[in-house]
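Reading through the structure tokens given below for one structure.
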Amino acid sequence: MIHIVPTQPGAWHGHRRSFLGVCLLLPLLLLSLASCGLQSSNNTGGKISLTLWYWNNSIDDNVIKAVSQHFPNIVLNAQKISDYDTKVRTSMAGHHDVPDIMGINANISTYFPDEDQFVDLRQLGADQVKSQYLGWKWNLGIAPDGKQIGFPMDTGPTALFYRPDIFAQAGLPTDPQAVAARIKTWDDYLQAGVQLKAATHGKSYMIDSTNTIFTQMMAQSPTLFFDRANHYLGDQAHIRQMWNEAVKANTLGVTAKVQSSTQAWNEAVSNGLIASFAGAVWMKQSLEQSAPNTAGKWRVAPAPGGAGNNGGSFLAVTTACQYPKEAFAVIQWLQSPANQLLGYKDLQLFPSAISDLNNPGMHQPEAFFGREDTTTIFAQSARQVPLSYYGPENDIVGGAFTDQLNLVEFQKKNPDQAWNTAQQEAQRELLR
Amino acid sequence: MRSATETIVVPKRKVERRAVPPRSKLRQYLPFYLSIAPYYVVFLAFGIIPIVFSIYLAFQRWDGIGRMQFVGLSNFVLALTDPVFGKAVLNTFLIWIMSTIPMLFLALILAFFLDQRQRSKFAYQVCYFLPNITSVVAITLIFNSLFGPQYGLINLTLTALHLPAVQWLTGSWAMKWAISIMVIWRWTGYNALVYMAGLQSIPVEVYEAGRIDGASTIDIFFRITLPLLRPVILFTVISSTIGGLSLFTEPQVLLGNNGGVGNEGLTMSLYQYWQAFASYHFGYGAAVSWIIFFIILAFTLLNWKIIQRGQN
């Protein structure tokens with residue numbers, strides 16, 4: 001019976017073997033494709049292994065290296081991730097390779113709808129160190145229902161960057177305190193802008209663009225586009241007032257019509273077309289890189305309209321983490337006042353730890369700013385930033401307004417029409 | 001008992017195998033199928049499954065992490081009634097026309113003259129192809145500084161010639177021209193090479209006959225070269241259509257996710273990316289992709305009709 005076999009037994013057998021081989025190989029191939037960074041087991045040699053995702057220059061690498069010395073039983077696998085939010089969303093949607101600890105940028109509110117992906121830091125004892133950090137910053141890491149998902153990292157207090165030499169030409173004060181005394185409100189600022197434009201015969205302008213006015217007023221505002229119940233506030237008086245101020249800057253012609261973070265902006269700060277702009281502390285680096293030829297010519301004064309914040313990040317523990325207590329201990333240590341100070345010295349990350357603001361290590365004369373100690377101004381701003389709430393869709397809705405302001409400034413769109421379009425666009429965005 | 005059942009089953013299977021030839025044929029071709037399988041498996045995982053999933057996604061509201069919420073046709077309705085999407089579609093076609101017509105015209109002239117050259121043809125061919133293989137992002141960054149409003153090389157030249165400077169990155173038409181210029185720069189050489197290949201397939205006798213009859217260079221170009229090149233021109237038009245309708249990298253790097261001031265440089269693909277991957281409206285983004293799919297499908301059918309007519 002068994003003799004009834006295929007005519008070419010060897011070949012048949014060979015096929016089967018290769019078929020089996022490919023069957024085994026294909027899943028392997030797919031696996032290696034699908035999970036290039038397949039995690040090793042969380043417990044390596046009795047030590048606890050934690051994965052940290054962050055992006056370039058968000059945490060001091062020397063501090064990360066020191067984690068293993070400070071926590072002998074923890075192996076911190078720190079990974080620098082580019083295209084950050086997309087990768088975070090991909091890993092969370094796939095429930096795969098989600099890091100234990102992750103950095104979250106100033107867009108932390110976009111993660112509020114998915115707060116169930118994060119551990120409530122209050123349950124890990126975060127409140128015990130709450131008093132060490134700036135209250136408004138701490139508050140930004142808290143979701144509308146009170147769950148704390150973010151632990152404070154750096155901040156972006158805002159101030160006015162200006163050129164005293166150009167201010168002097170226009171008969172404006174040059175000393176930071178005198179500038180602050182003269183330019184208290186945004187209206188003062190625009191009026192000074194008119195004076196400056198006339199005195200320099202249009203060679204210099206007070207502000208880069210109308211959008212800077214709008215976003216910087218936002219940075220100072222306690223209420224933004226949403227309240228904590230996620231009601232849209234974009235059509236209310238406080239937003240209209242900021243809009244009107246930005247439009248007024250355009251009507252008075254005091255802007256250089258130069259969009260920030262463009263090549264044109266770099267040129268304009270190098271050649272004196274822009275005499276001042278309000279911005280966060282991290283604009284110091286942008287300015288130093290864009291206009292090295294203007295070293296010594298810039299100063300920093302308190303911004304018109306008061307203290308504000310623009311940018312700054314957080315650390316979070318995800319629910320994928322098996323050792324949340326240990327993860328929180330690492331976070332707390334990474335962002336301890338002492339380590340935030342190191343982060344400032346190495347990467348100019350402005351601390352959120354209150355005790356650092358007075359630390360002599362933060363206060364040095366800076367050559368680029370004519371040996372002014374700019375930290376005094378930024379620290380003063382950092383202490384006074386109002387409590388505010390950013391809704392998950394805040395930035396998307398804000399984009400509708402800045403897009404329309406661009407049209408008003410660059411393509412002479414009627415401001416009232418632009419306001420109506422911004423409202424319609426914002427409403428559309430909210431339905432998507 | 002076990003062995004008995006086996007002895008009955010085994011011959012039955014063998015007989016069946018022999019009786020049905022297609023199965024043994026499959027076995028015969030199995031190694032070949034398996035050797036092309038990796039492509040299809042990868043295509044299934046990264047092509048078919050995402051495409052099918054995007055159909056499902058188009059009817060949901062999803063931020064990429066949390067629960068999906070079924071919204072019916074709402075995403076399609078919102079996209080089709082969004083003036084910004086309408087603008088993106090219009091921009092795509094405008095930029096396509098503004099880039100394709102000058103590009104193909106230039107390419108044809110370049111090819112015509114290069115074809116008549118005897119020496120250093122190859123060096124020219126290499127130079128023509130270089131823009132095409134250079135990284136688009138790198139090209140765009142360089143063009144970005146060329147287009148600078150005050151100190152960009154183009155505006156410096158214009159002002160030196162006492163011509164008005166152009167706001168390349170903020171003016172509504174100038175932004176479209178800026179993108180078109182980059183597309184033209186990148187693809188003219190490629191199309192010229194395609195035309196050259198076409199020109200070389202035109203028999204020399206036809207040209208010689210033309211010259212004997214006293215035709216000028218312009219006559220030869222319009223009466224001989226153009227008509228005989230018609231199929232090649234159609235090919236370049238179709239490939240430019242596909243490229244033009246999916247234009248993405250140039251406007252994204254030059255003007256940002258929203259296509260710059262007033263969304264004047266926003267193309268269909270960029271709108272899709274902006275909504276899905278920068279605003280995290282993944283359901284809406286999926287619906288937009290399907291609308292784009294049907295727009296391109298309609299255009300492909302139109303192209304196909306034109307070719308059909310050309311053949312008859």
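Each chain of the structure tokens is named A, B, ... in the order shown, its residues numbered from 1; ligands are numbered from 1 in display order.
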inquiry  = Taking only range 8-201 of chain A into account, list the residues labelled strand (DSSP E) by DSSP (computed from the backbone), as a VMD selection string.
reply    = chain A and resid 43 to 44 47 to 54 74 to 80 101 to 104 151 to 152 158 to 162
Store the residues of this selection in a file with N, CA and C atoms, as a short mmCIF file (atom, residue, chain, number, x, y, z; two decimals), in the first residue's frame.
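Final output, saved to selection-v6.cif:
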data_model
loop_
_atom_site.label_atom_id
_atom_site.label_comp_id
_atom_site.auth_asym_id
_atom_site.auth_seq_id
_atom_site.Cartn_x
_atom_site.Cartn_y
_atom_site.Cartn_z
N ASN A 43 12.76 42.89 33.18
CA ASN A 43 13.55 42.62 34.37
C ASN A 43 14.88 42.00 33.95
N THR A 44 15.93 42.79 33.89
CA THR A 44 17.21 42.29 33.41
C THR A 44 18.16 42.10 34.58
N LYS A 47 17.55 43.61 37.86
CA LYS A 47 17.36 45.06 37.81
C LYS A 47 16.06 45.40 37.09
N ILE A 48 15.50 46.54 37.44
CA ILE A 48 14.28 47.00 36.77
C ILE A 48 14.68 47.83 35.56
N SER A 49 14.10 47.46 34.40
CA SER A 49 14.41 48.21 33.19
C SER A 49 13.26 49.13 32.84
N LEU A 50 13.57 50.40 32.63
CA LEU A 50 12.55 51.38 32.26
C LEU A 50 12.94 52.03 30.94
N THR A 51 11.93 52.21 30.07
CA THR A 51 12.19 52.87 28.80
C THR A 51 11.72 54.32 28.88
N LEU A 52 12.55 55.22 28.38
CA LEU A 52 12.20 56.65 28.37
C LEU A 52 12.26 57.15 26.94
N TRP A 53 11.20 57.79 26.51
CA TRP A 53 11.22 58.46 25.20
C TRP A 53 11.34 59.96 25.42
N TYR A 54 12.26 60.57 24.69
CA TYR A 54 12.38 62.03 24.73
C TYR A 54 12.90 62.49 23.38
N ILE A 74 18.05 50.22 38.78
CA ILE A 74 17.24 50.59 37.60
C ILE A 74 18.14 50.76 36.39
N VAL A 75 17.70 50.15 35.27
CA VAL A 75 18.38 50.38 34.00
C VAL A 75 17.47 51.27 33.17
N LEU A 76 17.90 52.49 32.90
CA LEU A 76 17.08 53.42 32.13
C LEU A 76 17.49 53.35 30.67
N ASN A 77 16.55 52.87 29.85
CA ASN A 77 16.80 52.78 28.42
C ASN A 77 16.21 54.03 27.76
N ALA A 78 17.05 55.07 27.64
CA ALA A 78 16.56 56.35 27.12
C ALA A 78 16.71 56.41 25.61
N GLN A 79 15.60 56.70 24.91
CA GLN A 79 15.63 56.71 23.45
C GLN A 79 15.21 58.09 22.94
N LYS A 80 16.10 58.66 22.10
CA LYS A 80 15.76 59.93 21.45
C LYS A 80 14.88 59.63 20.26
N ILE A 101 8.21 55.80 30.48
CA ILE A 101 8.24 57.23 30.79
C ILE A 101 8.33 57.96 29.46
N MET A 102 7.54 59.01 29.28
CA MET A 102 7.69 59.77 28.04
C MET A 102 7.62 61.27 28.27
N GLY A 103 8.41 61.98 27.48
CA GLY A 103 8.33 63.43 27.49
C GLY A 103 7.10 63.86 26.71
N ILE A 104 6.46 64.92 27.15
CA ILE A 104 5.37 65.51 26.37
C ILE A 104 5.67 66.99 26.24
N PHE A 151 4.51 65.88 34.64
CA PHE A 151 5.37 66.42 35.69
C PHE A 151 6.21 67.53 35.06
N PRO A 152 6.36 68.70 35.73
CA PRO A 152 7.01 69.84 35.09
C PRO A 152 8.45 69.59 34.68
N THR A 158 8.08 84.57 28.96
CA THR A 158 8.26 85.50 27.85
C THR A 158 8.72 86.88 28.34
N ALA A 159 9.33 87.60 27.42
CA ALA A 159 9.81 88.96 27.70
C ALA A 159 9.95 89.69 26.38
N LEU A 160 10.38 90.94 26.44
CA LEU A 160 10.59 91.73 25.22
C LEU A 160 12.07 91.75 24.88
N PHE A 161 12.41 91.30 23.67
CA PHE A 161 13.78 91.42 23.15
C PHE A 161 13.82 92.71 22.34
N TYR A 162 14.82 93.54 22.58
CA TYR A 162 14.85 94.79 21.81
C TYR A 162 16.28 95.26 21.57
#
task = Please report as number ranges by chain which residues of chain B come no farther than 8 Å from chain A, using only C-alpha atoms.
result = B: 7, 10-11, 14, 27, 30-31, 34, 38, 42, 61, 64-66, 75, 78, 82, 144-145, 148-151, 170-172, 261-262, 277, 279, 281, 283-284
Expected file: the selected residues, N, CA and C atoms, as a short mmCIF file (atom, residue, chain, number, x, y, z; two decimals), in the first residue's frame:
data_model
loop_
_atom_site.label_atom_id
_atom_site.label_comp_id
_atom_site.auth_asym_id
_atom_site.auth_seq_id
_atom_site.Cartn_x
_atom_site.Cartn_y
_atom_site.Cartn_z
N THR B 7 -3.90 3.20 6.42
CA THR B 7 -3.68 2.54 5.14
C THR B 7 -4.82 2.81 4.18
N VAL B 10 -4.35 6.96 3.23
CA VAL B 10 -3.20 7.39 2.42
C VAL B 10 -3.40 7.18 0.92
N PRO B 11 -3.74 5.97 0.49
CA PRO B 11 -3.90 5.82 -0.97
C PRO B 11 -4.99 6.73 -1.54
N LYS B 14 -3.52 10.02 -2.30
CA LYS B 14 -2.62 10.01 -3.45
C LYS B 14 -3.41 9.98 -4.75
N ARG B 27 1.69 22.77 -6.92
CA ARG B 27 2.87 22.31 -6.22
C ARG B 27 4.12 22.59 -7.05
N LEU B 30 4.89 26.19 -6.81
CA LEU B 30 4.97 26.71 -5.45
C LEU B 30 6.25 27.50 -5.17
N PRO B 31 7.42 26.96 -5.55
CA PRO B 31 8.65 27.73 -5.24
C PRO B 31 8.64 29.12 -5.86
N LEU B 34 6.34 31.26 -3.91
CA LEU B 34 6.95 31.60 -2.62
C LEU B 34 8.04 32.64 -2.79
N PRO B 38 7.36 37.37 -0.61
CA PRO B 38 7.71 38.47 0.32
C PRO B 38 7.12 39.81 -0.11
N VAL B 42 4.45 41.79 2.17
CA VAL B 42 4.72 43.15 2.63
C VAL B 42 3.65 44.10 2.09
N ARG B 61 -14.59 59.03 13.87
CA ARG B 61 -13.86 60.17 14.40
C ARG B 61 -12.82 59.58 15.33
N GLY B 64 -6.37 58.94 17.02
CA GLY B 64 -5.19 58.11 16.87
C GLY B 64 -4.89 57.26 18.09
N ILE B 65 -5.47 57.57 19.23
CA ILE B 65 -5.20 56.77 20.43
C ILE B 65 -6.50 56.21 21.01
N GLY B 66 -7.44 57.07 21.31
CA GLY B 66 -8.63 56.69 22.05
C GLY B 66 -9.62 55.88 21.25
N ASN B 75 -17.72 62.93 7.88
CA ASN B 75 -16.39 63.33 7.43
C ASN B 75 -16.39 63.75 5.97
N LEU B 78 -18.24 67.07 5.60
CA LEU B 78 -17.41 68.18 6.09
C LEU B 78 -16.29 68.52 5.10
N ASP B 82 -15.85 71.98 2.83
CA ASP B 82 -14.82 72.84 3.42
C ASP B 82 -14.17 73.71 2.34
N ASN B 144 14.30 77.83 -0.74
CA ASN B 144 13.76 78.69 0.31
C ASN B 144 14.63 79.92 0.50
N SER B 145 15.97 79.73 0.48
CA SER B 145 16.82 80.91 0.66
C SER B 145 16.91 81.71 -0.63
N GLY B 148 14.04 84.20 -0.65
CA GLY B 148 13.99 85.15 0.46
C GLY B 148 13.50 86.52 0.01
N PRO B 149 12.66 87.19 0.82
CA PRO B 149 12.04 88.44 0.38
C PRO B 149 13.02 89.59 0.18
N GLN B 150 14.03 89.69 1.07
CA GLN B 150 14.90 90.86 1.00
C GLN B 150 16.28 90.51 0.43
N TYR B 151 16.84 89.39 0.91
CA TYR B 151 18.18 89.03 0.51
C TYR B 151 18.25 87.74 -0.30
N THR B 170 4.90 84.81 0.43
CA THR B 170 3.68 85.32 1.05
C THR B 170 2.65 85.83 0.05
N GLY B 171 3.02 86.03 -1.20
CA GLY B 171 2.07 86.51 -2.20
C GLY B 171 1.25 85.36 -2.76
N SER B 172 -0.03 85.59 -3.05
CA SER B 172 -0.90 84.46 -3.37
C SER B 172 -0.48 83.74 -4.66
N VAL B 261 0.72 81.35 3.86
CA VAL B 261 -0.27 82.42 4.05
C VAL B 261 -1.49 82.19 3.18
N GLY B 262 -2.66 82.16 3.81
CA GLY B 262 -3.90 82.00 3.06
C GLY B 262 -4.04 80.64 2.40
N PHE B 277 -2.16 64.01 10.10
CA PHE B 277 -0.94 63.78 10.87
C PHE B 277 -0.43 64.99 11.63
N SER B 279 -2.96 67.52 12.69
CA SER B 279 -4.08 67.90 13.55
C SER B 279 -4.72 66.68 14.22
N HIS B 281 -6.74 64.41 13.10
CA HIS B 281 -8.10 64.05 12.72
C HIS B 281 -7.98 62.88 11.75
N GLY B 283 -9.81 60.10 11.18
CA GLY B 283 -10.99 59.71 10.42
C GLY B 283 -11.25 60.67 9.28
N TYR B 284 -11.19 61.94 9.59
CA TYR B 284 -11.41 62.98 8.59
C TYR B 284 -10.35 62.86 7.49
#
query = CA of Phe105 in chain B to CA of Ile154 in chain B: how many Å, to one decimal?
reply =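 Value for the CA of Phe105 in chain B-CA of Ile154 in chain B distance: 22.8 Å.
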query = Which of range 159-238 of chain A counts as helix (DSSP H, G or I) under DSSP, as a PyMOL selection string please?
reply = chain A and resi 164-169+176-182+186-199+210-220+237-238
message = From the options B:Leu199, B:Ile51, B:Ile181, B:Leu73, which residue's atoms come nearest to Asp115 in chain B, counting only C-alpha atoms?
response = B:Leu199
task = Could you please determine the separation between CA of Ile64 in chain A and CA of Asp154 in chain A in Å, to one decimal place?
result =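 Value for the CA of Ile64 in chain A-CA of Asp154 in chain A distance: 15.5 Å.
For the pair CA of Gly86 in chain B and CA of Thr300 in chain B, the separation is 19.8 Å.
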request  = Write out as a count of residues only each polymer residue whose atoms come within 8 Å of range 183-186 of chain A, counting only C-alpha atoms; drop sequence neighbours fewer than 3 positions from it.
outcome  = 10
query = Can you list, as a PyMOL selection string, every protein, DNA or RNA residue that comes within 12 Å of Phe214 in chain A when you count only C-alpha atoms, leaving out same-chain residues fewer than 2 positions away?
reply = chain A and resi 186+207-212+216-221+224+238-250+278-279+305+398-399+401-406
task = Compile the contact shell of Asp356 in chain A as a ChimeraX atom specification: residues with an atom at most 9 Å away, counting only C-alpha atoms, same-chain residues fewer than 3 positions apart removed.
result = /A:337-338,340-341,351-353,359-362
query = Which of these, B:Ala178, B:Tyr273, B:Leu108, B:Trp185, has the shortest distance to Gly198 in chain B once you count only C-alpha atoms?
reply =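 Closest residue, counting only C-alpha atoms: B:Leu108.
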